[in-house]
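Asks: So I've got this file, structure.txt, and it contains compact mmCIF, C-alpha atoms:
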```txt
# COMPACT_ATOMS: atom_id res chain seq x y z
CA MET A 850 -21.10 8.59 -22.63
CA LYS A 851 -22.18 8.94 -19.01
CA THR A 852 -19.93 10.72 -16.48
CA ASP A 853 -20.37 7.72 -14.17
CA ALA A 854 -18.63 5.51 -16.71
CA HIS A 855 -15.59 7.81 -16.82
CA GLU A 856 -15.40 7.96 -13.06
CA ARG A 857 -15.70 4.20 -12.81
CA ALA A 858 -12.97 3.80 -15.41
CA ARG A 859 -10.64 6.20 -13.60
CA LYS A 860 -11.22 4.48 -10.29
CA LEU A 861 -10.35 1.15 -11.87
CA ILE A 862 -7.26 2.64 -13.52
CA ALA A 863 -6.11 4.02 -10.17
CA LEU A 864 -6.46 0.62 -8.53
CA GLU A 865 -4.24 -1.15 -11.07
CA GLY A 866 -3.26 -4.71 -10.21
CA PRO A 867 -4.97 -8.07 -10.62
CA GLU A 868 -5.89 -8.41 -6.93
CA ALA A 869 -7.88 -5.17 -7.10
CA LEU A 870 -9.71 -5.71 -10.42
CA SER A 871 -11.93 -8.63 -11.33
CA GLY A 872 -11.78 -10.18 -14.80
CA ALA A 873 -15.05 -8.49 -15.75
CA ASP A 874 -13.74 -5.12 -14.56
CA GLN A 875 -10.57 -5.53 -16.59
CA THR A 876 -12.52 -6.40 -19.73
CA TRP A 877 -14.88 -3.47 -19.23
CA LEU A 878 -11.99 -1.10 -18.57
CA ALA A 879 -10.07 -2.22 -21.66
CA ALA A 880 -13.14 -1.66 -23.82
CA HIS A 881 -13.81 1.74 -22.29
CA VAL A 882 -10.24 3.00 -22.58
CA GLU A 883 -10.23 1.91 -26.23
CA THR A 884 -13.03 4.36 -27.02
CA CYS A 885 -12.49 7.17 -24.50
CA ALA A 886 -9.61 9.55 -25.17
CA SER A 887 -9.79 11.38 -21.81
CA CYS A 888 -9.70 8.14 -19.78
CA ARG A 889 -6.86 6.91 -21.99
CA ALA A 890 -4.96 10.10 -21.18
CA PHE A 891 -5.70 9.57 -17.48
CA ALA A 892 -4.42 5.99 -17.76
CA ASP A 893 -1.19 7.21 -19.42
CA ASN A 894 -0.72 9.89 -16.79
CA ALA A 895 -1.47 7.44 -13.99
CA ALA A 896 1.14 5.05 -15.38
CA GLU A 897 3.66 7.89 -15.51
CA MET A 898 2.81 9.01 -11.98
CA ILE A 899 3.10 5.49 -10.61
CA HIS A 900 6.41 5.04 -12.41
CA GLY A 901 7.55 8.39 -11.03
CA LEU A 902 6.48 7.46 -7.51
CA ARG A 903 8.41 4.21 -7.69
CA ALA A 904 11.46 5.97 -9.08
CA ILE A 905 11.84 8.52 -6.31
CA PRO A 906 14.72 7.19 -4.24
CA ILE A 907 14.73 8.01 -0.54
CA ALA A 908 17.50 6.30 1.33
CA ALA A 909 18.27 6.12 5.02
CA GLU A 910 21.76 7.30 5.84
CA ARG A 911 24.22 4.84 7.30
CA SER A 912 24.65 6.96 10.43
CA LEU A 913 20.88 6.90 11.08
CA VAL A 914 20.80 3.13 10.81
CA SER A 915 23.80 2.55 13.06
CA THR A 916 22.56 5.08 15.65
CA THR A 917 19.17 3.38 15.67
CA GLN A 918 20.75 -0.03 16.07
CA MET A 919 22.82 1.27 18.97
CA MET A 920 19.77 2.87 20.62
CA VAL A 921 17.78 -0.33 20.25
CA ARG A 922 20.59 -2.42 21.75
CA ARG A 923 20.93 -0.01 24.66
CA ARG A 924 17.18 -0.08 25.30
CA ALA A 925 17.17 -3.88 25.03
CA LEU A 926 19.87 -3.98 27.70
CA GLU A 927 17.85 -1.64 29.95
CA LEU A 928 14.77 -3.78 29.54
CA GLN A 929 16.81 -6.89 30.29
CA ARG A 930 18.14 -5.29 33.50
CA ASP A 931 14.64 -4.19 34.49
CA ARG A 932 13.41 -7.74 33.98
CA GLU A 933 16.24 -9.15 36.07
CA ARG A 934 15.55 -6.58 38.80
CA LEU A 935 11.87 -7.46 38.73
CA TRP A 936 12.72 -11.13 39.00
CA LEU A 937 14.97 -10.41 41.99
CA VAL A 938 12.23 -8.35 43.66
CA SER A 939 9.68 -11.12 43.04
CA VAL A 940 11.98 -13.75 44.54
CA SER A 941 12.69 -11.51 47.54
CA CYS A 942 8.98 -10.85 48.08
CA THR A 943 8.22 -14.56 47.95
CA ALA A 944 11.04 -15.35 50.38
CA VAL A 945 9.93 -12.59 52.76
CA THR A 946 6.31 -13.76 52.66
CA LEU A 947 7.30 -17.35 53.38
CA PHE A 948 9.63 -16.29 56.18
CA ALA A 949 6.93 -14.03 57.66
CA LEU A 950 4.39 -16.84 57.63
CA LEU A 951 6.77 -19.30 59.28
CA SER A 952 8.00 -16.81 61.84
CA ALA A 953 4.40 -15.73 62.64
CA VAL A 954 3.51 -19.32 63.48
CA ALA A 955 6.64 -19.71 65.62
CA LEU A 956 6.04 -16.39 67.38
CA TRP A 957 2.41 -17.23 68.03
CA ARG A 958 3.48 -20.42 69.73
CA GLY A 959 6.15 -18.50 71.69
CA PHE A 960 3.67 -15.89 72.92
CA GLU A 961 1.17 -18.61 73.78
CA TRP A 962 3.82 -20.40 75.86
CA LEU A 963 4.88 -17.16 77.58
CA GLY A 964 1.23 -16.28 78.31
CA ALA A 965 0.69 -19.71 79.85
CA ARG A 966 3.89 -19.42 81.92
CA ALA A 967 2.93 -15.93 83.16
CA GLN A 968 -0.68 -17.05 83.63
CA LEU A 969 -2.01 -14.20 81.46
CA ALA A 970 -5.44 -14.08 79.86
CA SER A 971 -5.21 -15.16 76.22
CA SER A 972 -6.47 -11.74 75.02
CA VAL A 973 -3.47 -10.09 76.70
CA TRP A 974 -0.72 -12.16 75.06
CA GLN A 975 -2.61 -11.98 71.76
CA VAL A 976 -2.58 -8.16 71.89
CA GLY A 977 1.11 -8.37 72.78
CA PHE A 978 1.72 -10.58 69.74
CA LEU A 979 -0.14 -8.12 67.51
CA VAL A 980 1.85 -5.12 68.82
CA PHE A 981 5.09 -7.06 68.38
CA CYS A 982 4.23 -7.88 64.77
CA VAL A 983 3.04 -4.40 63.82
CA MET A 984 5.80 -2.51 65.66
CA PRO A 985 8.60 -2.75 63.00
CA ALA A 986 6.28 -1.51 60.22
CA LEU A 987 4.99 1.25 62.49
CA VAL A 988 8.49 2.43 63.41
CA ALA A 989 9.64 2.31 59.77
CA GLY A 990 6.57 4.31 58.71
CA ILE A 991 7.17 6.98 61.33
CA LEU A 992 10.84 7.25 60.37
CA LEU A 993 10.05 7.57 56.65
CA LEU A 994 7.39 10.18 57.36
CA ALA A 995 9.80 12.14 59.50
CA LYS A 996 12.48 11.93 56.81
CA ASP A 997 10.04 13.16 54.11
CA THR A 998 8.88 16.06 56.30
CA HIS A 999 12.48 16.97 56.99
CA LEU A 1000 13.36 16.88 53.28
CA ALA A 1001 10.28 18.89 52.34
CA ASN A 1002 11.13 21.56 54.90
CA HIS A 1003 14.73 21.60 53.73
CA THR A 1004 13.81 21.98 50.04
CA GLY A 1005 11.22 24.59 50.96
CA SER A 1006 13.86 26.67 52.70
CA TYR A 1007 16.02 26.58 49.54
CA GLU A 1008 13.10 27.54 47.30
CA GLY A 1009 11.79 30.21 49.59
CA MET B 546 1.63 -21.73 -10.39
CA ASN B 547 -0.37 -22.66 -7.31
CA ALA B 548 2.56 -24.62 -5.94
CA THR B 549 4.82 -21.57 -6.35
CA ALA B 550 2.29 -19.30 -4.65
CA CYS B 551 1.90 -21.85 -1.86
CA TYR B 552 5.69 -22.05 -1.46
CA PHE B 553 6.02 -18.28 -1.12
CA GLU B 554 3.06 -18.11 1.24
CA ASN B 555 4.62 -20.76 3.47
CA ALA B 556 8.00 -19.06 3.36
CA MET B 557 6.41 -15.74 4.38
CA ALA B 558 4.42 -17.37 7.18
CA GLN B 559 7.58 -19.07 8.44
CA GLU B 560 9.49 -15.78 8.32
CA SER B 561 6.71 -14.02 10.27
CA THR B 562 6.74 -16.78 12.89
CA GLU B 563 10.51 -16.50 13.27
CA ILE B 564 10.28 -12.72 13.58
CA ALA B 565 7.51 -13.02 16.18
CA ARG B 566 9.57 -15.50 18.18
CA GLY B 567 12.63 -13.24 18.03
CA LEU B 568 10.64 -10.17 19.00
CA ARG B 569 9.22 -11.95 22.02
CA ARG B 570 12.80 -12.75 23.08
CA ARG B 571 13.82 -9.15 22.26
CA ASP B 572 16.65 -10.57 20.24
CA PRO B 573 18.97 -7.63 19.40
CA ASP B 574 20.54 -9.44 16.44
CA LEU B 575 17.14 -9.94 14.87
CA LEU B 576 16.33 -6.28 15.41
CA ASP B 577 19.63 -5.26 13.81
CA ARG B 578 18.74 -7.34 10.79
CA LEU B 579 15.20 -5.94 10.60
CA ILE B 580 16.47 -2.36 10.85
CA GLU B 581 18.84 -3.04 7.95
CA GLN B 582 16.15 -4.74 5.94
CA TYR B 583 13.43 -2.14 6.35
CA GLN B 584 15.55 1.02 6.68
CA HIS B 585 14.72 2.61 3.32
CA ARG B 586 11.09 1.53 3.18
CA LEU B 587 10.29 2.77 6.66
CA LEU B 588 12.10 6.07 6.24
CA ARG B 589 10.42 6.66 2.87
CA TYR B 590 6.99 5.98 4.38
CA LEU B 591 7.66 8.30 7.32
CA MET B 592 9.03 11.02 5.07
CA TYR B 593 5.92 11.00 2.94
CA LEU B 594 3.73 10.80 6.01
CA THR B 595 5.38 13.70 7.80
CA GLY B 596 6.86 15.66 4.91
CA ARG B 597 10.03 16.39 6.92
CA ARG B 598 13.20 14.39 6.89
CA GLU B 599 14.28 15.41 10.38
CA LEU B 600 10.97 14.41 11.93
CA ALA B 601 10.89 11.24 9.86
CA GLU B 602 14.32 10.27 11.18
CA ASP B 603 13.24 10.87 14.79
CA LEU B 604 10.14 8.78 14.24
CA PHE B 605 12.26 6.13 12.51
CA GLN B 606 14.27 5.69 15.70
CA GLU B 607 11.20 5.80 17.93
CA THR B 608 9.50 3.21 15.77
CA TRP B 609 12.29 0.68 16.29
CA ILE B 610 12.35 1.32 20.04
CA ARG B 611 8.59 0.73 20.06
CA VAL B 612 9.07 -2.45 18.02
CA LEU B 613 11.51 -3.66 20.68
CA GLU B 614 9.19 -2.78 23.55
CA ARG B 615 5.95 -4.01 22.00
CA GLY B 616 7.35 -6.82 19.92
CA HIS B 617 5.31 -9.38 21.82
CA GLN B 618 2.17 -7.80 20.34
CA PHE B 619 3.15 -8.71 16.77
CA ASN B 620 0.78 -11.30 15.39
CA ASP B 621 2.60 -13.64 13.02
CA LYS B 622 -0.58 -14.16 11.01
CA TYR B 623 0.21 -10.84 9.32
CA ALA B 624 3.24 -9.58 7.43
CA PHE B 625 5.82 -7.87 9.62
CA SER B 626 5.92 -4.83 7.30
CA THR B 627 2.19 -4.21 7.81
CA TRP B 628 2.64 -4.16 11.59
CA LEU B 629 5.80 -2.06 11.34
CA PHE B 630 4.08 0.62 9.25
CA ALA B 631 1.09 0.61 11.61
CA VAL B 632 3.45 1.20 14.57
CA ALA B 633 5.18 4.04 12.69
CA ARG B 634 1.85 5.56 11.71
CA ASN B 635 0.59 5.53 15.31
CA LEU B 636 3.77 7.23 16.48
CA ALA B 637 3.42 9.90 13.79
CA ILE B 638 -0.17 10.55 14.86
CA ASP B 639 0.85 10.64 18.54
CA HIS B 640 3.55 13.15 17.65
CA MET B 641 1.03 15.38 15.90
CA ARG B 642 -1.41 15.11 18.79
CA ARG B 643 1.31 16.26 21.15
CA LYS B 644 2.16 19.12 18.83
CA GLN B 645 -1.44 20.12 18.13
CA PRO B 646 -4.64 18.14 18.57
CA ALA B 647 -5.31 17.13 14.99
CA SER B 648 -5.73 14.17 12.73
CA LEU B 649 -3.28 12.89 10.12
CA ASP B 650 -4.16 15.99 8.04
CA GLY B 651 -2.05 18.05 10.41
CA LEU B 652 1.07 16.21 9.32
CA LEU B 653 1.20 18.06 6.06
CA ASN B 654 0.42 21.12 4.08
CA ASP B 655 1.99 23.61 6.42
CA GLY B 656 4.27 25.23 3.91
CA GLU B 657 7.15 22.80 4.22
CA ALA B 658 9.79 22.46 1.54
CA PRO B 659 9.22 19.70 -1.00
CA LEU B 660 11.04 16.45 -0.50
CA ASP B 661 14.61 16.42 -1.65
CA VAL B 662 14.79 14.11 -4.65
CA PRO B 663 18.27 12.83 -5.43
CA ALA B 664 19.39 12.16 -9.00
CA THR B 665 18.72 8.65 -10.26
CA GLY B 666 19.94 5.96 -12.58
CA GLN B 667 22.63 5.62 -15.19
CA ALA B 668 20.70 7.13 -18.11
CA SER B 669 21.88 9.92 -20.40
CA ALA B 670 22.27 13.40 -18.99
CA PHE B 671 19.13 14.56 -20.79
CA ASP B 672 17.07 11.57 -19.64
CA MET B 673 18.37 12.01 -16.14
CA ALA B 674 17.47 15.67 -16.12
CA LEU B 675 14.03 14.91 -17.51
CA ARG B 676 13.43 12.09 -15.05
CA ARG B 677 14.69 14.18 -12.19
CA GLU B 678 12.43 17.06 -13.19
CA GLN B 679 9.42 14.78 -13.39
CA ASN B 680 10.25 13.19 -10.06
CA GLU B 681 10.58 16.63 -8.53
CA HIS B 682 7.16 17.55 -9.88
CA ILE B 683 5.66 14.40 -8.44
CA ALA B 684 7.44 14.86 -5.12
CA ALA B 685 6.25 18.47 -4.98
CA GLY B 686 2.73 17.36 -5.86
CA MET B 687 2.83 14.74 -3.12
CA GLN B 688 3.63 17.48 -0.62
CA HIS B 689 0.42 19.22 -1.54
CA LEU B 690 -1.78 16.17 -1.16
CA ALA B 691 -3.73 15.47 1.99
CA ALA B 692 -1.74 13.13 4.23
CA GLU B 693 -4.17 10.25 3.92
CA TYR B 694 -3.98 10.36 0.10
CA ARG B 695 -0.21 10.52 0.18
CA GLU B 696 -0.05 7.63 2.61
CA ALA B 697 -2.31 5.52 0.42
CA LEU B 698 -0.22 6.25 -2.69
CA VAL B 699 3.07 5.49 -0.95
CA LEU B 700 1.84 2.22 0.52
CA ARG B 701 0.27 1.15 -2.74
CA PHE B 702 2.81 2.17 -5.34
CA GLN B 703 6.08 2.40 -3.45
CA GLU B 704 5.61 -0.36 -0.91
CA GLY B 705 3.52 -2.50 -3.24
CA MET B 706 1.04 -3.35 -0.49
CA SER B 707 -2.29 -4.95 -1.26
CA LEU B 708 -5.46 -2.96 -0.66
CA ALA B 709 -6.23 -5.13 2.37
CA GLU B 710 -2.79 -4.50 3.87
CA ILE B 711 -3.19 -0.74 3.40
CA ALA B 712 -6.60 -0.92 5.07
CA SER B 713 -4.96 -2.75 7.97
CA VAL B 714 -2.17 -0.18 8.36
CA ALA B 715 -4.45 2.85 8.02
CA ARG B 716 -7.29 1.19 9.97
CA VAL B 717 -9.92 2.18 7.44
CA PRO B 718 -12.37 0.15 5.35
CA LEU B 719 -11.28 -1.21 1.97
CA GLY B 720 -13.61 1.18 0.15
CA THR B 721 -11.93 4.15 1.79
CA VAL B 722 -8.51 2.90 0.67
CA LYS B 723 -9.72 2.60 -2.93
CA SER B 724 -11.23 6.06 -2.78
CA ARG B 725 -8.04 7.56 -1.32
CA ILE B 726 -5.87 6.04 -4.03
CA TYR B 727 -8.18 7.31 -6.76
CA ARG B 728 -8.46 10.79 -5.28
CA GLY B 729 -4.74 10.92 -4.57
CA LEU B 730 -3.84 10.11 -8.17
CA SER B 731 -6.47 12.52 -9.48
CA GLU B 732 -5.07 15.33 -7.36
CA LEU B 733 -1.51 14.45 -8.30
CA GLU B 734 -2.23 14.45 -12.05
CA PRO B 735 -2.01 18.23 -12.57
CA TRP B 736 1.47 18.13 -10.98
CA LEU B 737 2.83 15.71 -13.54
CA LYS B 738 3.90 18.44 -15.92
CA GLY B 739 4.79 20.96 -13.22
CA ALA B 740 3.03 23.00 -10.57
CA PRO B 741 -0.59 23.72 -11.54
CA LEU B 742 -1.59 27.36 -11.87
```
For the file at hand, write its structure as structure tokens.

Replies:
Amino acid sequence: MKTDAHERARKLIALEGPEALSGADQTWLAAHVETCASCRAFADNAAEMIHGLRAIPIAAERSLVSTTQMMVRRRALELQRDRERLWLVSVSCTAVTLFALLSAVALWRGFEWLGARAQLASSVWQVGFLVFCVMPALVAGILLLAKDTHLANHTGSYEG
Amino acid sequence: MNATACYFENAMAQESTEIARGLRRRDPDLLDRLIEQYQHRLLRYLMYLTGRRELAEDLFQETWIRVLERGHQFNDKYAFSTWLFAVARNLAIDHMRRKQPASLDGLLNDGEAPLDVPATGQASAFDMALRREQNEHIAAGMQHLAAEYREALVLRFQEGMSLAEIASVARVPLGTVKSRIYRGLSELEPWLKGAPL
């Protein structure tokens, strides 16, 4: 008998189960096992191994399960809080954007009116408007930069 | 027969849909239930994959956190268990990559103690001893198999997964799954009666 036939038989034995073997394969395998003692022994051993594999009990301990459940609940709560915080930030950003747009229009009109009253060239009050709008961000940036530099120097003095 | 199969298929599809919906909502009660339901199967899979109970337990916890965080990625066209094992497998591989850049092979065969096999059943003392001894041999043999063979055997014979489901979890072609099962059993055979010389 060819070695290929034995290997084919063993592969089919290993794959046990109707979804893995076609009807023709099953018929061929049954006929082969009938006549081949070594493949029959492999089939018996395979059955024993599979039975053994299924019989090995590995159980999760109760404490592992309850700790995991607790961890998952805690993480779920964190994620929920993050989502709520994100929602709050999104709402705030939208509100700030809307307010900025409305106030920009109002300020533009105000500067235009002031420019007309003071009989300034339009480029002058427009530059004034721009400086007025940019000033808060500029001041905040400078303050933050100064704070960071101060902190870095302070930490550096501890490390050094 | 067909009606029964259809009934079970529909029930499974409905269950998957409900799980997917719950995971999208990050429903903690659903997760509690799933942890209870899959506790032994997941731990067993991870223990065979990693070969160490302690590591398996860490990965068990990480897997459920990942399920919570990535639950929206679960596709209800597939069985939840297939997705769960794939998540656990990816975490195990990530863990090994952090430890040392290696494939799944690195999970095993580094001189670890064989899996602890508890006593089983209600049989006679002799049968129990015999069964326990055989199980110990098989468990010891499993420890000496390459990780991919061990994974294939566990998913096939302990989890009862179809070849297609195993291919989906391990992300390999069907032919590779068949070959791994065959090679795994062939390499395990000498261990059936004790450690080979």

Asks: Between atom CA of B:Val714 and atom CA of B:Leu629, what is the distance in Å, rounded to a tenth?

Replies: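 For atom CA of B:Val714 relative to atom CA of B:Leu629, the distance reads 8.7 Å.
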
Asks: Using all atoms listed in the file, which residues sit within 12 Å of B:Leu733 once same-chain residues fewer than 5 positions away are excluded, as a JSON list (two decimals) with C-alpha atoms, keeping the file's coordinate frame?

Replies:
```
[["chain", "number", "residue", "atom", "x", "y", "z"],
["A", 863, "ALA", "CA", -6.11, 4.02, -10.17],
["A", 891, "PHE", "CA", -5.70, 9.57, -17.48],
["A", 894, "ASN", "CA", -0.72, 9.89, -16.79],
["A", 895, "ALA", "CA", -1.47, 7.44, -13.99],
["A", 897, "GLU", "CA", 3.66, 7.89, -15.51],
["A", 898, "MET", "CA", 2.81, 9.01, -11.98],
["A", 899, "ILE", "CA", 3.10, 5.49, -10.61],
["A", 901, "GLY", "CA", 7.55, 8.39, -11.03],
["A", 902, "LEU", "CA", 6.48, 7.46, -7.51],
["B", 680, "ASN", "CA", 10.25, 13.19, -10.06],
["B", 682, "HIS", "CA", 7.16, 17.55, -9.88],
["B", 683, "ILE", "CA", 5.66, 14.40, -8.44],
["B", 684, "ALA", "CA", 7.44, 14.86, -5.12],
["B", 685, "ALA", "CA", 6.25, 18.47, -4.98],
["B", 686, "GLY", "CA", 2.73, 17.36, -5.86],
["B", 687, "MET", "CA", 2.83, 14.74, -3.12],
["B", 688, "GLN", "CA", 3.63, 17.48, -0.62],
["B", 689, "HIS", "CA", 0.42, 19.22, -1.54],
["B", 690, "LEU", "CA", -1.78, 16.17, -1.16],
["B", 691, "ALA", "CA", -3.73, 15.47, 1.99],
["B", 694, "TYR", "CA", -3.98, 10.36, 0.10],
["B", 695, "ARG", "CA", -0.21, 10.52, 0.18],
["B", 698, "LEU", "CA", -0.22, 6.25, -2.69],
["B", 725, "ARG", "CA", -8.04, 7.56, -1.32],
["B", 726, "ILE", "CA", -5.87, 6.04, -4.03],
["B", 727, "TYR", "CA", -8.18, 7.31, -6.76],
["B", 728, "ARG", "CA", -8.46, 10.79, -5.28],
["B", 738, "LYS", "CA", 3.90, 18.44, -15.92],
["B", 739, "GLY", "CA", 4.79, 20.96, -13.22],
["B", 740, "ALA", "CA", 3.03, 23.00, -10.57],
["B", 741, "PRO", "CA", -0.59, 23.72, -11.54]]
```

Asks: Just to confirm, what's the straight-line distance from atom CA of A:Ala955 to atom CA of A:Leu987 in Å (one decimal)?

Replies: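 Between atom CA of A:Ala955 and atom CA of A:Leu987 the gap is 21.3 Å.
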
Asks: Would you mind listing, for every residue of chain B within 8 Å of chain A, the two atoms forming the shortest contact and the distance between them in Å to one decimal, using only C-alpha atoms, sorted by chain and ascending residue number, as JSON lines?

Replies:
```
{"residue": "B:Arg571", "atom": "CA", "partner": "A:Ala925", "partner_atom": "CA", "distance": 6.8}
{"residue": "B:Pro573", "atom": "CA", "partner": "A:Arg922", "partner_atom": "CA", "distance": 5.9}
{"residue": "B:Leu576", "atom": "CA", "partner": "A:Gln918", "partner_atom": "CA", "distance": 7.7}
{"residue": "B:Asp577", "atom": "CA", "partner": "A:Gln918", "partner_atom": "CA", "distance": 5.8}
{"residue": "B:Ile580", "atom": "CA", "partner": "A:Val914", "partner_atom": "CA", "distance": 7.0}
{"residue": "B:Glu581", "atom": "CA", "partner": "A:Val914", "partner_atom": "CA", "distance": 7.1}
{"residue": "B:Gln584", "atom": "CA", "partner": "A:Ala909", "partner_atom": "CA", "distance": 6.0}
{"residue": "B:His585", "atom": "CA", "partner": "A:Ala908", "partner_atom": "CA", "distance": 5.0}
{"residue": "B:Leu588", "atom": "CA", "partner": "A:Ala909", "partner_atom": "CA", "distance": 6.3}
{"residue": "B:Arg589", "atom": "CA", "partner": "A:Ile907", "partner_atom": "CA", "distance": 5.7}
{"residue": "B:Glu602", "atom": "CA", "partner": "A:Leu913", "partner_atom": "CA", "distance": 7.4}
{"residue": "B:Gln606", "atom": "CA", "partner": "A:Thr917", "partner_atom": "CA", "distance": 5.4}
{"residue": "B:Trp609", "atom": "CA", "partner": "A:Val921", "partner_atom": "CA", "distance": 6.8}
{"residue": "B:Ile610", "atom": "CA", "partner": "A:Val921", "partner_atom": "CA", "distance": 5.7}
{"residue": "B:Leu613", "atom": "CA", "partner": "A:Val921", "partner_atom": "CA", "distance": 7.1}
{"residue": "B:Val662", "atom": "CA", "partner": "A:Ile905", "partner_atom": "CA", "distance": 6.5}
{"residue": "B:Pro663", "atom": "CA", "partner": "A:Pro906", "partner_atom": "CA", "distance": 6.8}
{"residue": "B:Thr665", "atom": "CA", "partner": "A:Pro906", "partner_atom": "CA", "distance": 7.4}
{"residue": "B:Gln679", "atom": "CA", "partner": "A:Gly901", "partner_atom": "CA", "distance": 7.1}
{"residue": "B:Asn680", "atom": "CA", "partner": "A:Gly901", "partner_atom": "CA", "distance": 5.6}
{"residue": "B:Ile683", "atom": "CA", "partner": "A:Gly901", "partner_atom": "CA", "distance": 6.8}
{"residue": "B:Ala684", "atom": "CA", "partner": "A:Ile905", "partner_atom": "CA", "distance": 7.8}
{"residue": "B:Val699", "atom": "CA", "partner": "A:Leu902", "partner_atom": "CA", "distance": 7.7}
{"residue": "B:Phe702", "atom": "CA", "partner": "A:Ile899", "partner_atom": "CA", "distance": 6.2}
{"residue": "B:Gln703", "atom": "CA", "partner": "A:Arg903", "partner_atom": "CA", "distance": 5.2}
{"residue": "B:Ser707", "atom": "CA", "partner": "A:Glu868", "partner_atom": "CA", "distance": 7.6}
{"residue": "B:Leu708", "atom": "CA", "partner": "A:Ala869", "partner_atom": "CA", "distance": 7.2}
{"residue": "B:Lys723", "atom": "CA", "partner": "A:Leu864", "partner_atom": "CA", "distance": 6.8}
{"residue": "B:Ser724", "atom": "CA", "partner": "A:Lys860", "partner_atom": "CA", "distance": 7.7}
{"residue": "B:Ile726", "atom": "CA", "partner": "A:Ala863", "partner_atom": "CA", "distance": 6.5}
{"residue": "B:Tyr727", "atom": "CA", "partner": "A:Ala863", "partner_atom": "CA", "distance": 5.2}
{"residue": "B:Leu730", "atom": "CA", "partner": "A:Ala863", "partner_atom": "CA", "distance": 6.8}
{"residue": "B:Leu733", "atom": "CA", "partner": "A:Met898", "partner_atom": "CA", "distance": 7.9}
{"residue": "B:Glu734", "atom": "CA", "partner": "A:Asn894", "partner_atom": "CA", "distance": 6.7}
{"residue": "B:Leu737", "atom": "CA", "partner": "A:Met898", "partner_atom": "CA", "distance": 6.9}
```

Asks: State, in Å with one decimal place, the distance from atom CA of B:Ala715 to atom CA of B:Asp639.

Replies: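 So the two atoms, atom CA of B:Ala715 and atom CA of B:Asp639, lie 14.1 Å apart.
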
Asks: Output, as lines of an AutoDock Vina configuration file, the centre and edge lengths in Å (one decimal) of the axis-aligned box that contains all listed atoms of stretch 910-921 of chain A with 3 Å of margin on each side.

Replies:
```
center_x = 21.2
center_y = 3.5
center_z = 13.2
size_x = 12.9
size_y = 13.6
size_z = 20.8
```

Asks: A:Asp931, A:Leu993, A:Trp974, A:Val945: which is nearest A:Gly959, counting all atoms listed in the file?

Replies: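 For A:Gly959, the nearest of the candidates is A:Trp974.
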
Asks: Could you give me, as a ChimeraX atom specification, the residues within 8 Å of A:Phe978, counting all atoms listed in the file and dropping anything in the same chain fewer than 4 positions from it?

Replies: /A:956-957,960,974,982
